[in-house]
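Structure file query_27.pdb with PDB, C-alpha atoms:
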```pdb
MODEL        1
ATOM      1  CA  MET A  82     -11.598 -16.955 -13.446
ATOM      2  CA  LYS A  83     -15.020 -17.486 -11.890
ATOM      3  CA  VAL A  84     -17.285 -14.961 -10.230
ATOM      4  CA  ILE A  85     -19.370 -16.575  -7.480
ATOM      5  CA  GLU A  86     -22.215 -14.742  -5.779
ATOM      6  CA  THR A  87     -23.636 -17.370  -3.414
ATOM      7  CA  ILE A  88     -22.281 -18.967  -0.265
ATOM      8  CA  ALA A  89     -23.444 -22.414  -1.370
ATOM      9  CA  GLU A  90     -21.525 -22.310  -4.641
ATOM     10  CA  MET A  91     -18.442 -20.875  -2.945
ATOM     11  CA  ARG A  92     -18.425 -23.720  -0.441
ATOM     12  CA  GLN A  93     -18.889 -26.229  -3.258
ATOM     13  CA  GLN A  94     -15.822 -24.898  -5.083
ATOM     14  CA  VAL A  95     -13.706 -25.060  -1.920
ATOM     15  CA  THR A  96     -14.863 -28.641  -1.262
ATOM     16  CA  LEU A  97     -13.844 -29.663  -4.790
ATOM     17  CA  ALA A  98     -10.440 -28.023  -4.356
ATOM     18  CA  ARG A  99      -9.863 -29.785  -1.046
ATOM     19  CA  LYS A 100     -10.755 -33.175  -2.542
ATOM     20  CA  THR A 101      -7.925 -32.785  -5.039
ATOM     21  CA  GLY A 102      -5.439 -31.637  -2.382
ATOM     22  CA  GLN A 103      -5.335 -27.976  -3.403
ATOM     23  CA  THR A 104      -4.308 -25.240  -0.993
ATOM     24  CA  VAL A 105      -6.437 -22.104  -0.714
ATOM     25  CA  GLY A 106      -5.138 -18.551  -0.417
ATOM     26  CA  PHE A 107      -7.603 -15.804   0.406
ATOM     27  CA  VAL A 108      -7.571 -12.011  -0.019
ATOM     28  CA  PRO A 109     -10.571 -10.241   1.571
ATOM     29  CA  THR A 110     -11.338  -6.798   0.117
ATOM     30  CA  MET A 111     -14.098  -4.220  -0.134
ATOM     31  CA  GLY A 112     -13.335  -3.715  -3.817
ATOM     32  CA  PHE A 113     -12.092  -0.705  -5.767
ATOM     33  CA  LEU A 114      -8.826  -2.596  -6.029
ATOM     34  CA  HIS A 115      -5.488  -0.811  -6.094
ATOM     35  CA  GLU A 116      -1.869  -1.941  -6.249
ATOM     36  CA  GLY A 117      -1.886  -2.843  -2.555
ATOM     37  CA  HIS A 118      -4.675  -5.349  -3.116
ATOM     38  CA  LEU A 119      -2.992  -6.684  -6.243
ATOM     39  CA  SER A 120       0.248  -7.296  -4.347
ATOM     40  CA  LEU A 121      -1.725  -9.420  -1.855
ATOM     41  CA  ILE A 122      -3.287 -11.411  -4.696
ATOM     42  CA  GLU A 123       0.126 -11.963  -6.256
ATOM     43  CA  ALA A 124       1.542 -13.107  -2.913
ATOM     44  CA  ALA A 125      -1.336 -15.580  -2.534
ATOM     45  CA  ARG A 126      -0.787 -16.768  -6.110
ATOM     46  CA  GLU A 127       2.846 -17.603  -5.380
ATOM     47  CA  LYS A 128       1.951 -19.910  -2.490
ATOM     48  CA  HIS A 129      -1.426 -21.498  -3.307
ATOM     49  CA  ASP A 130      -3.219 -23.618  -5.874
ATOM     50  CA  LEU A 131      -6.525 -21.757  -5.538
ATOM     51  CA  VAL A 132      -6.688 -18.003  -4.978
ATOM     52  CA  VAL A 133      -9.976 -16.510  -3.785
ATOM     53  CA  VAL A 134     -10.624 -12.765  -3.584
ATOM     54  CA  SER A 135     -13.752 -11.518  -1.853
ATOM     55  CA  ILE A 136     -15.314  -8.195  -2.798
ATOM     56  CA  PHE A 137     -17.884  -7.128  -0.246
ATOM     57  CA  VAL A 138     -18.583  -3.681   1.194
ATOM     58  CA  ASN A 139     -19.520  -4.735   4.700
ATOM     59  CA  PRO A 140     -22.249  -2.559   6.239
ATOM     60  CA  LEU A 141     -21.549  -3.839   9.762
ATOM     61  CA  GLN A 142     -18.268  -1.934   9.949
ATOM     62  CA  PHE A 143     -19.661   1.463   8.962
ATOM     63  CA  GLY A 144     -21.073   3.821  11.576
ATOM     64  CA  PRO A 145     -24.235   5.882  11.013
ATOM     65  CA  ASN A 146     -22.324   8.943   9.790
ATOM     66  CA  GLU A 147     -19.655   7.122   7.801
ATOM     67  CA  ASP A 148     -19.247   6.702   4.067
ATOM     68  CA  LEU A 149     -20.985   3.388   3.296
ATOM     69  CA  GLU A 150     -22.949   4.790   0.361
ATOM     70  CA  ARG A 151     -20.031   6.884  -0.868
ATOM     71  CA  TYR A 152     -17.531   4.045  -0.707
ATOM     72  CA  PRO A 153     -16.152   3.697  -4.266
ATOM     73  CA  ARG A 154     -17.379   0.718  -6.281
ATOM     74  CA  ASP A 155     -16.415  -0.448  -9.783
ATOM     75  CA  PHE A 156     -16.854  -4.184 -10.162
ATOM     76  CA  GLU A 157     -15.971  -4.397 -13.870
ATOM     77  CA  ARG A 158     -12.638  -2.727 -13.181
ATOM     78  CA  ASP A 159     -12.067  -4.932 -10.107
ATOM     79  CA  GLU A 160     -12.835  -8.063 -12.117
ATOM     80  CA  ARG A 161     -10.295  -7.145 -14.779
ATOM     81  CA  LEU A 162      -7.547  -6.284 -12.288
ATOM     82  CA  ALA A 163      -8.160  -9.366 -10.137
ATOM     83  CA  LYS A 164      -7.925 -11.627 -13.172
ATOM     84  CA  GLN A 165      -4.675 -10.004 -14.315
ATOM     85  CA  ALA A 166      -3.163 -10.503 -10.838
ATOM     86  CA  GLY A 167      -3.895 -14.249 -10.862
ATOM     87  CA  THR A 168      -7.232 -14.659  -9.088
ATOM     88  CA  ASP A 169      -9.090 -17.934  -9.633
ATOM     89  CA  ILE A 170     -12.372 -16.998  -7.944
ATOM     90  CA  ILE A 171     -13.979 -13.692  -7.016
ATOM     91  CA  PHE A 172     -16.496 -14.187  -4.225
ATOM     92  CA  TYR A 173     -18.941 -11.334  -4.785
ATOM     93  CA  PRO A 174     -21.922 -11.762  -2.469
ATOM     94  CA  SER A 175     -24.712  -9.270  -1.966
ATOM     95  CA  VAL A 176     -25.580  -7.874   1.446
ATOM     96  CA  GLN A 177     -28.722 -10.022   1.325
ATOM     97  CA  GLU A 178     -26.592 -13.133   0.702
ATOM     98  CA  MET A 179     -24.242 -12.411   3.603
ATOM     99  CA  TYR A 180     -26.919 -11.116   5.985
ATOM    100  CA  PRO A 181     -30.279 -12.593   4.909
ATOM    101  CA  GLU A 182     -31.752 -11.483   8.223
ATOM    102  CA  ALA A 183     -30.698  -9.371  11.156
ATOM    103  CA  MET A 184     -27.656 -11.002  12.709
ATOM    104  CA  PRO A 185     -28.684 -12.856  15.890
ATOM    105  CA  MET A 186     -25.123 -12.435  17.179
ATOM    106  CA  THR A 187     -21.868 -10.756  16.274
ATOM    107  CA  ILE A 188     -18.298 -10.902  17.510
ATOM    108  CA  HIS A 189     -17.574  -8.305  20.176
ATOM    109  CA  VAL A 190     -13.902  -7.353  20.245
ATOM    110  CA  ILE A 191     -12.733  -6.315  23.708
ATOM    111  CA  LYS A 192      -8.955  -6.041  23.243
ATOM    112  CA  GLY A 193      -7.036  -3.597  21.080
ATOM    113  CA  VAL A 194     -10.055  -1.521  19.999
ATOM    114  CA  ASP A 195      -9.919   1.441  22.397
ATOM    115  CA  VAL A 196      -6.889   2.861  20.572
ATOM    116  CA  LEU A 197      -6.071   3.966  16.995
ATOM    117  CA  CYS A 198      -9.120   3.903  14.694
ATOM    118  CA  GLY A 199     -11.173   1.968  17.206
ATOM    119  CA  ALA A 200     -11.184   4.863  19.669
ATOM    120  CA  SER A 201     -13.263   7.065  17.337
ATOM    121  CA  ARG A 202     -15.196   4.272  15.599
ATOM    122  CA  PRO A 203     -17.035   2.311  18.299
ATOM    123  CA  GLY A 204     -18.274  -1.021  16.997
ATOM    124  CA  HIS A 205     -16.196  -0.822  13.810
ATOM    125  CA  PHE A 206     -13.978  -3.773  14.645
ATOM    126  CA  ASP A 207     -16.932  -5.812  15.827
ATOM    127  CA  GLY A 208     -18.183  -5.492  12.253
ATOM    128  CA  VAL A 209     -14.768  -6.301  10.797
ATOM    129  CA  ALA A 210     -14.299  -9.366  12.985
ATOM    130  CA  THR A 211     -17.822 -10.623  12.295
ATOM    131  CA  VAL A 212     -17.534 -10.436   8.511
ATOM    132  CA  VAL A 213     -14.009 -11.896   8.467
ATOM    133  CA  MET A 214     -15.167 -14.779  10.657
ATOM    134  CA  LYS A 215     -18.021 -15.425   8.203
ATOM    135  CA  LEU A 216     -15.651 -15.275   5.237
ATOM    136  CA  PHE A 217     -13.166 -17.618   6.910
ATOM    137  CA  GLN A 218     -15.972 -20.109   7.572
ATOM    138  CA  ILE A 219     -17.214 -19.897   3.976
ATOM    139  CA  ILE A 220     -13.862 -20.035   2.187
ATOM    140  CA  GLN A 221     -11.819 -21.996   4.743
ATOM    141  CA  PRO A 222      -8.439 -20.724   3.510
ATOM    142  CA  ASP A 223      -5.039 -22.032   4.505
ATOM    143  CA  LYS A 224      -3.707 -18.474   4.561
ATOM    144  CA  ALA A 225      -5.360 -15.060   4.437
ATOM    145  CA  PHE A 226      -3.438 -12.027   3.196
ATOM    146  CA  PHE A 227      -3.835  -8.499   4.586
ATOM    147  CA  GLY A 228      -2.001  -5.221   3.983
ATOM    148  CA  GLN A 229       0.016  -3.693   6.822
ATOM    149  CA  LYS A 230      -1.638  -0.299   6.268
ATOM    150  CA  ASP A 231      -4.619  -1.623   8.217
ATOM    151  CA  ALA A 232      -2.409  -2.735  11.098
ATOM    152  CA  GLN A 233      -5.079  -2.537  13.792
ATOM    153  CA  GLN A 234      -7.339  -4.733  11.673
ATOM    154  CA  ILE A 235      -4.513  -7.261  11.323
ATOM    155  CA  ALA A 236      -3.946  -7.279  15.084
ATOM    156  CA  VAL A 237      -7.669  -7.800  15.769
ATOM    157  CA  ILE A 238      -7.896 -10.636  13.253
ATOM    158  CA  MET A 239      -4.733 -12.305  14.555
ATOM    159  CA  ASN A 240      -6.202 -12.199  18.055
ATOM    160  CA  MET A 241      -9.507 -13.612  16.753
ATOM    161  CA  VAL A 242      -7.759 -16.477  14.989
ATOM    162  CA  SER A 243      -5.856 -17.285  18.178
ATOM    163  CA  ALA A 244      -8.864 -16.935  20.484
ATOM    164  CA  PHE A 245     -11.117 -19.188  18.392
ATOM    165  CA  ASN A 246      -8.403 -21.624  17.248
ATOM    166  CA  LEU A 247      -9.196 -20.982  13.592
ATOM    167  CA  PRO A 248      -7.171 -23.124  11.152
ATOM    168  CA  VAL A 249      -5.947 -20.186   9.065
ATOM    169  CA  GLN A 250      -2.664 -18.311   9.031
ATOM    170  CA  VAL A 251      -2.851 -14.517   8.802
ATOM    171  CA  ILE A 252      -0.158 -13.056   6.549
ATOM    172  CA  ALA A 253       0.646  -9.329   6.824
ATOM    173  CA  ARG A 254       2.212  -7.813   3.734
ATOM    174  CA  PRO A 255       4.041  -4.448   3.484
ATOM    175  CA  THR A 256       2.046  -1.345   2.598
ATOM    176  CA  ILE A 257       2.151  -0.461  -1.099
ATOM    177  CA  ARG A 258       2.873   3.220  -1.662
ATOM    178  CA  GLU A 259       2.782   5.901  -4.305
ATOM    179  CA  GLU A 260       6.130   7.200  -5.555
ATOM    180  CA  ASP A 261       6.035  10.016  -2.992
ATOM    181  CA  GLY A 262       5.306   7.601  -0.123
ATOM    182  CA  LEU A 263       1.543   8.054   0.307
ATOM    183  CA  ALA A 264      -0.065   4.729   1.196
ATOM    184  CA  LYS A 265      -2.314   3.360  -1.563
ATOM    185  CA  SER A 266      -5.945   3.612  -0.519
ATOM    186  CA  SER A 267      -9.357   3.535  -2.157
ATOM    187  CA  ARG A 268     -10.110   6.792  -0.323
ATOM    188  CA  ASN A 269      -7.250   8.716  -1.967
ATOM    189  CA  VAL A 270      -9.640   9.560  -4.831
ATOM    190  CA  TYR A 271     -11.412  11.940  -2.425
ATOM    191  CA  LEU A 272      -8.343  14.173  -1.994
ATOM    192  CA  SER A 273      -8.212  17.551  -3.717
ATOM    193  CA  GLU A 274      -5.193  18.298  -5.873
ATOM    194  CA  GLN A 275      -3.647  20.416  -3.124
ATOM    195  CA  GLU A 276      -4.346  17.776  -0.456
ATOM    196  CA  ARG A 277      -2.848  15.052  -2.631
ATOM    197  CA  GLN A 278       0.350  17.057  -3.085
ATOM    198  CA  GLU A 279       0.633  17.575   0.657
ATOM    199  CA  ALA A 280      -0.438  14.119   1.896
ATOM    200  CA  SER A 281       2.960  12.466   1.459
ATOM    201  CA  PHE A 282       4.112  14.342   4.576
ATOM    202  CA  LEU A 283       2.234  11.782   6.666
ATOM    203  CA  TYR A 284       4.608   8.988   5.694
ATOM    204  CA  GLU A 285       7.572  11.340   5.955
ATOM    205  CA  THR A 286       6.526  12.113   9.535
ATOM    206  CA  LEU A 287       6.348   8.400  10.344
ATOM    207  CA  GLN A 288       9.836   7.940   8.907
ATOM    208  CA  ILE A 289      11.140  10.788  11.045
ATOM    209  CA  GLY A 290       9.674   9.157  14.144
ATOM    210  CA  ALA A 291      11.241   5.830  13.218
ATOM    211  CA  GLU A 292      14.643   7.446  12.725
ATOM    212  CA  ILE A 293      14.435   9.191  16.106
ATOM    213  CA  ILE A 294      13.716   5.833  17.774
ATOM    214  CA  LYS A 295      16.454   4.050  15.810
ATOM    215  CA  SER A 296      18.917   6.729  16.921
ATOM    216  CA  GLY A 297      18.337   5.647  20.521
ATOM    217  CA  GLU A 298      15.419   7.719  21.835
ATOM    218  CA  LYS A 299      13.253   5.425  23.984
ATOM    219  CA  ASN A 300      10.931   8.005  25.545
ATOM    220  CA  ARG A 301       7.558   7.784  23.805
ATOM    221  CA  ASP A 302       6.426  11.344  24.581
ATOM    222  CA  ARG A 303       9.605  12.965  23.277
ATOM    223  CA  VAL A 304       9.296  11.117  19.974
ATOM    224  CA  LEU A 305       5.640  12.100  19.593
ATOM    225  CA  ASP A 306       6.337  15.760  20.390
ATOM    226  CA  GLN A 307       8.857  16.016  17.553
ATOM    227  CA  MET A 308       6.468  14.339  15.125
ATOM    228  CA  LYS A 309       3.485  16.519  16.094
ATOM    229  CA  ALA A 310       5.487  19.680  15.468
ATOM    230  CA  ARG A 311       5.763  18.650  11.838
ATOM    231  CA  LEU A 312       2.098  17.685  11.482
ATOM    232  CA  ASP A 313       0.983  21.088  12.774
ATOM    233  CA  LYS A 314       2.076  22.532   9.419
ATOM    234  CA  GLY A 315      -0.490  20.529   7.432
ATOM    235  CA  SER A 316      -3.792  21.869   6.098
ATOM    236  CA  GLY A 317      -5.880  19.023   7.523
ATOM    237  CA  GLN A 318      -6.669  17.923  11.071
ATOM    238  CA  LEU A 319      -4.887  15.269  13.096
ATOM    239  CA  ASP A 320      -7.146  12.490  14.381
ATOM    240  CA  TYR A 321      -4.445  10.602  16.252
ATOM    241  CA  LEU A 322      -0.711  10.071  16.391
ATOM    242  CA  THR A 323       0.496   7.362  18.738
ATOM    243  CA  ILE A 324       3.114   4.721  19.429
ATOM    244  CA  LEU A 325       2.059   1.318  20.781
ATOM    245  CA  SER A 326       3.423  -2.176  21.204
ATOM    246  CA  PHE A 327       2.515  -4.504  18.324
ATOM    247  CA  PRO A 328       0.430  -6.606  17.956
ATOM    248  CA  SER A 329      -0.794  -6.220  21.563
ATOM    249  CA  LEU A 330      -1.490  -2.482  20.977
ATOM    250  CA  ASN A 331      -0.580  -1.508  24.536
ATOM    251  CA  GLU A 332       0.730   1.933  25.454
ATOM    252  CA  THR A 333       4.136   2.087  27.116
ATOM    253  CA  LYS A 334       6.257   5.090  28.100
ATOM    254  CA  THR A 335       9.513   3.315  27.291
ATOM    255  CA  LEU A 336       9.834   1.992  23.745
ATOM    256  CA  THR A 337      11.139  -1.572  23.462
ATOM    257  CA  GLY A 338      10.455  -4.581  21.264
ATOM    258  CA  SER A 339       8.104  -4.520  18.292
ATOM    259  CA  ILE A 340       6.235  -1.210  18.110
ATOM    260  CA  ILE A 341       3.877   0.562  15.743
ATOM    261  CA  ILE A 342       3.917   4.293  15.014
ATOM    262  CA  ALA A 343       0.451   5.090  13.713
ATOM    263  CA  ILE A 344      -1.341   8.113  12.334
ATOM    264  CA  ALA A 345      -4.824   9.105  11.187
ATOM    265  CA  TYR A 346      -5.386  12.445   9.504
ATOM    266  CA  PHE A 347      -8.532  14.200   8.274
ATOM    267  CA  TYR A 348      -8.748  16.086   5.021
ATOM    268  CA  GLN A 349     -12.007  17.636   3.826
ATOM    269  CA  ASN A 350     -13.436  14.475   2.239
ATOM    270  CA  ALA A 351     -11.024  11.749   3.295
ATOM    271  CA  ARG A 352      -9.571  10.269   6.446
ATOM    272  CA  LEU A 353      -6.122   8.783   5.791
ATOM    273  CA  ILE A 354      -4.340   6.234   7.960
ATOM    274  CA  ASP A 355      -0.769   4.994   7.864
ATOM    275  CA  ASN A 356       1.742   3.296  10.143
ATOM    276  CA  TYR A 357       5.327   2.198  10.542
ATOM    277  CA  ILE A 358       6.291  -0.975  12.447
ATOM    278  CA  ILE A 359       9.840  -1.267  13.769
ATOM    279  CA  GLU A 360      11.912  -2.989  16.437
ATOM    280  CA  ALA A 361      12.891  -0.476  19.145
TER
ENDMDL
END
```
Before anything else, please render the file you have as structure tokens.
Amino acid sequence: MKVIETIAEMRQQVTLARKTGQTVGFVPTMGFLHEGHLSLIEAAREKHDLVVVSIFVNPLQFGPNEDLERYPRDFERDERLAKQAGTDIIFYPSVQEMYPEAMPMTIHVIKGVDVLCGASRPGHFDGVATVVMKLFQIIQPDKAFFGQKDAQQIAVIMNMVSAFNLPVQVIARPTIREEDGLAKSSRNVYLSEQERQEASFLYETLQIGAEIIKSGEKNRDRVLDQMKARLDKGSGQLDYLTILSFPSLNETKTLTGSIIIAIAYFYQNARLIDNYIIEA
């Protein structure tokens, strides 16, 4: 496995792979890898000759009061785990390498960002889209693998790929969970012992909502009311709980077709997100 820190060398490796007819699978991450990331790497390994994992904590997607400096980092651990999962190349650029000067332009996302996490994080998905566009241009993958936990991110990137006719297929993989159902996340390390014991109720609440819909309830507000009653018993604070069409992320009173039930919840030092996608 190689660790590459420059754009020029990364492009050179991709060019060599293409000359020999190799396919390229790509897993973009911000590091501090967990089992969710590893499942994406393994999925890419099954389908591609060359597997590239990027590790880059992207400053463009953090707001002024968010946890850029606190975001967990452990490259030696990430390197070991990525290798074990079947990675061929870790692309590990510095901020200076990715943004050698102030960006003269960025991607401005205008659809699907006024809901879910985007509603409370203005500009966040502009930063996500900009860095993913840069990574796609550098690595030029055939397929890029993302976890369903970040469903809004997947929707934004799918729309970007479609809008700009990018020659990459976005693959969404199921969320990897702890035994009690809590979605794997790098931010789970910030939970207190009591919060960690309680946090599984977020996924349980999503499951309850899904069962209510599957039983025939099509009224969005009635489903949400039953779910919120359960969340009121938690020790944290609800950021949002909503049901939207997917991947268009439109609000509709009557639930039909592919929909996402999504939640964001604040604990003292961590903001957790999760979702459940079903056919109504």
- Item | Result set of the PyMOL selection byres ((chain A and resi 196-207) around 8) on the coordinates above, as an NGL selection string | :A and (141-144 or 187-190 or 193-195 or 208-211 or 233-234 or 237 or 321 or 323 or 330 or 343-345)
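The coordinates place atom CA of Gly228 of chain A at 7.6 Å from atom CA of His118 of chain A.
For Asp306 of chain A, the residues within 10 Å (counting all atoms listed in the file, excluding itself and residues fewer than 4 positions away along the chain) are Gly290, Arg301, Asp302, Ala310, Arg311 and Leu322 of chain A.
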- Query: Near Arg268 of chain A, within 8 Å and counting only C-alpha atoms, which residues show up once chain neighbours fewer than 5 positions away are dropped, as a PyMOL selection string?
  - Reply: chain A and resi 152-153+351-353
- Hey, which of A:Ala280, A:Ile354, A:Val108, A:Ala225 ends up closest to Glu259 of chain A? Count all atoms listed in the file. A:Ala280
- Message: Can you measure atom CA of Ile340 of chain A to atom CA of Pro328 of chain A for me? One decimal in Å is fine.
- Response: 7.9 Å
- Task: Check which residues satisfy the PyMOL selection byres ((chain A and resi 154) around 9) in the file shown, then give them as number ranges by chain.
- Result: A: 111-113, 138, 151-153, 155-156, 159
- Select, from A:Glu292, A:Glu298, A:Asp223, A:Asp261, the residue with the minimum atom-to-atom distance to Glu279 of chain A, counting all atoms listed in the file.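 When distances to Glu279 of chain A are compared using all atoms listed in the file, the smallest one comes from A:Asp261.
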- Separation of atom CA of Ala98 of chain A and atom CA of Phe227 of chain A, in Å?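 Answer for the atom CA of Ala98 of chain A to atom CA of Phe227 of chain A separation: 22.5 Å.
Each of A:Ile191, A:Met91, A:Leu216, A:Met184 was compared to Pro109 of chain A using all atoms listed in the file, and A:Leu216 turns out to be the nearest.
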- Item | Residue members of the PyMOL selection byres ((chain A and resi 137) around 8) in the file shown, as a list in words |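 Those residues are Thr110, Met111, Gly112, Ser135, Ile136, Val138, Asn139, Tyr173, Pro174, Ser175 and Val176 of chain A.
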Residue rebuild result segment 102-123 of chain A, N, CA and C atoms as a PDB file, in the coordinates of the input:
```pdb
ATOM      1  N   GLY A 102      -6.659 -31.996  -3.100  1.00  0.00           N
ATOM      2  CA  GLY A 102      -5.439 -31.637  -2.382  1.00  0.00           C
ATOM      3  C   GLY A 102      -4.934 -30.231  -2.613  1.00  0.00           C
ATOM      4  N   GLN A 103      -5.777 -29.338  -3.128  1.00  0.00           N
ATOM      5  CA  GLN A 103      -5.335 -27.976  -3.403  1.00  0.00           C
ATOM      6  C   GLN A 103      -5.311 -27.127  -2.133  1.00  0.00           C
ATOM      7  N   THR A 104      -4.354 -26.217  -2.076  1.00  0.00           N
ATOM      8  CA  THR A 104      -4.308 -25.240  -0.993  1.00  0.00           C
ATOM      9  C   THR A 104      -5.069 -23.986  -1.423  1.00  0.00           C
ATOM     10  N   VAL A 105      -5.590 -23.262  -0.429  1.00  0.00           N
ATOM     11  CA  VAL A 105      -6.437 -22.104  -0.714  1.00  0.00           C
ATOM     12  C   VAL A 105      -5.841 -20.853  -0.070  1.00  0.00           C
ATOM     13  N   GLY A 106      -5.570 -19.862  -0.894  1.00  0.00           N
ATOM     14  CA  GLY A 106      -5.138 -18.551  -0.417  1.00  0.00           C
ATOM     15  C   GLY A 106      -6.265 -17.561  -0.588  1.00  0.00           C
ATOM     16  N   PHE A 107      -6.434 -16.679   0.378  1.00  0.00           N
ATOM     17  CA  PHE A 107      -7.603 -15.804   0.406  1.00  0.00           C
ATOM     18  C   PHE A 107      -7.196 -14.353   0.627  1.00  0.00           C
ATOM     19  N   VAL A 108      -7.788 -13.457  -0.166  1.00  0.00           N
ATOM     20  CA  VAL A 108      -7.571 -12.011  -0.019  1.00  0.00           C
ATOM     21  C   VAL A 108      -8.934 -11.334   0.149  1.00  0.00           C
ATOM     22  N   PRO A 109      -9.302 -10.944   1.369  1.00  0.00           N
ATOM     23  CA  PRO A 109     -10.571 -10.241   1.571  1.00  0.00           C
ATOM     24  C   PRO A 109     -10.435  -8.759   1.245  1.00  0.00           C
ATOM     25  N   THR A 110     -11.373  -8.218   0.472  1.00  0.00           N
ATOM     26  CA  THR A 110     -11.338  -6.798   0.117  1.00  0.00           C
ATOM     27  C   THR A 110     -12.749  -6.230   0.127  1.00  0.00           C
ATOM     28  N   MET A 111     -12.822  -4.900   0.074  1.00  0.00           N
ATOM     29  CA  MET A 111     -14.098  -4.220  -0.134  1.00  0.00           C
ATOM     30  C   MET A 111     -14.153  -3.635  -1.540  1.00  0.00           C
ATOM     31  N   GLY A 112     -13.288  -4.150  -2.432  1.00  0.00           N
ATOM     32  CA  GLY A 112     -13.335  -3.715  -3.817  1.00  0.00           C
ATOM     33  C   GLY A 112     -12.587  -2.426  -4.059  1.00  0.00           C
ATOM     34  N   PHE A 113     -12.831  -1.853  -5.260  1.00  0.00           N
ATOM     35  CA  PHE A 113     -12.092  -0.705  -5.767  1.00  0.00           C
ATOM     36  C   PHE A 113     -10.601  -0.972  -5.618  1.00  0.00           C
ATOM     37  N   LEU A 114     -10.168  -2.065  -6.228  1.00  0.00           N
ATOM     38  CA  LEU A 114      -8.826  -2.596  -6.029  1.00  0.00           C
ATOM     39  C   LEU A 114      -7.749  -1.618  -6.475  1.00  0.00           C
ATOM     40  N   HIS A 115      -6.663  -1.593  -5.732  1.00  0.00           N
ATOM     41  CA  HIS A 115      -5.488  -0.811  -6.094  1.00  0.00           C
ATOM     42  C   HIS A 115      -4.262  -1.707  -5.993  1.00  0.00           C
ATOM     43  N   GLU A 116      -3.085  -1.128  -6.179  1.00  0.00           N
ATOM     44  CA  GLU A 116      -1.869  -1.941  -6.249  1.00  0.00           C
ATOM     45  C   GLU A 116      -1.591  -2.687  -4.954  1.00  0.00           C
ATOM     46  N   GLY A 117      -2.052  -2.133  -3.817  1.00  0.00           N
ATOM     47  CA  GLY A 117      -1.886  -2.843  -2.555  1.00  0.00           C
ATOM     48  C   GLY A 117      -2.637  -4.159  -2.562  1.00  0.00           C
ATOM     49  N   HIS A 118      -3.900  -4.119  -3.004  1.00  0.00           N
ATOM     50  CA  HIS A 118      -4.675  -5.349  -3.116  1.00  0.00           C
ATOM     51  C   HIS A 118      -4.015  -6.337  -4.091  1.00  0.00           C
ATOM     52  N   LEU A 119      -3.569  -5.809  -5.219  1.00  0.00           N
ATOM     53  CA  LEU A 119      -2.992  -6.684  -6.243  1.00  0.00           C
ATOM     54  C   LEU A 119      -1.725  -7.369  -5.736  1.00  0.00           C
ATOM     55  N   SER A 120      -0.957  -6.668  -4.904  1.00  0.00           N
ATOM     56  CA  SER A 120       0.248  -7.296  -4.347  1.00  0.00           C
ATOM     57  C   SER A 120      -0.116  -8.453  -3.420  1.00  0.00           C
ATOM     58  N   LEU A 121      -1.256  -8.329  -2.718  1.00  0.00           N
ATOM     59  CA  LEU A 121      -1.725  -9.420  -1.855  1.00  0.00           C
ATOM     60  C   LEU A 121      -2.166 -10.614  -2.702  1.00  0.00           C
ATOM     61  N   ILE A 122      -2.865 -10.331  -3.797  1.00  0.00           N
ATOM     62  CA  ILE A 122      -3.287 -11.411  -4.696  1.00  0.00           C
ATOM     63  C   ILE A 122      -2.076 -12.127  -5.279  1.00  0.00           C
ATOM     64  N   GLU A 123      -1.078 -11.360  -5.687  1.00  0.00           N
ATOM     65  CA  GLU A 123       0.126 -11.963  -6.256  1.00  0.00           C
ATOM     66  C   GLU A 123       0.869 -12.802  -5.226  1.00  0.00           C
TER      67      GLU A 123
END
```
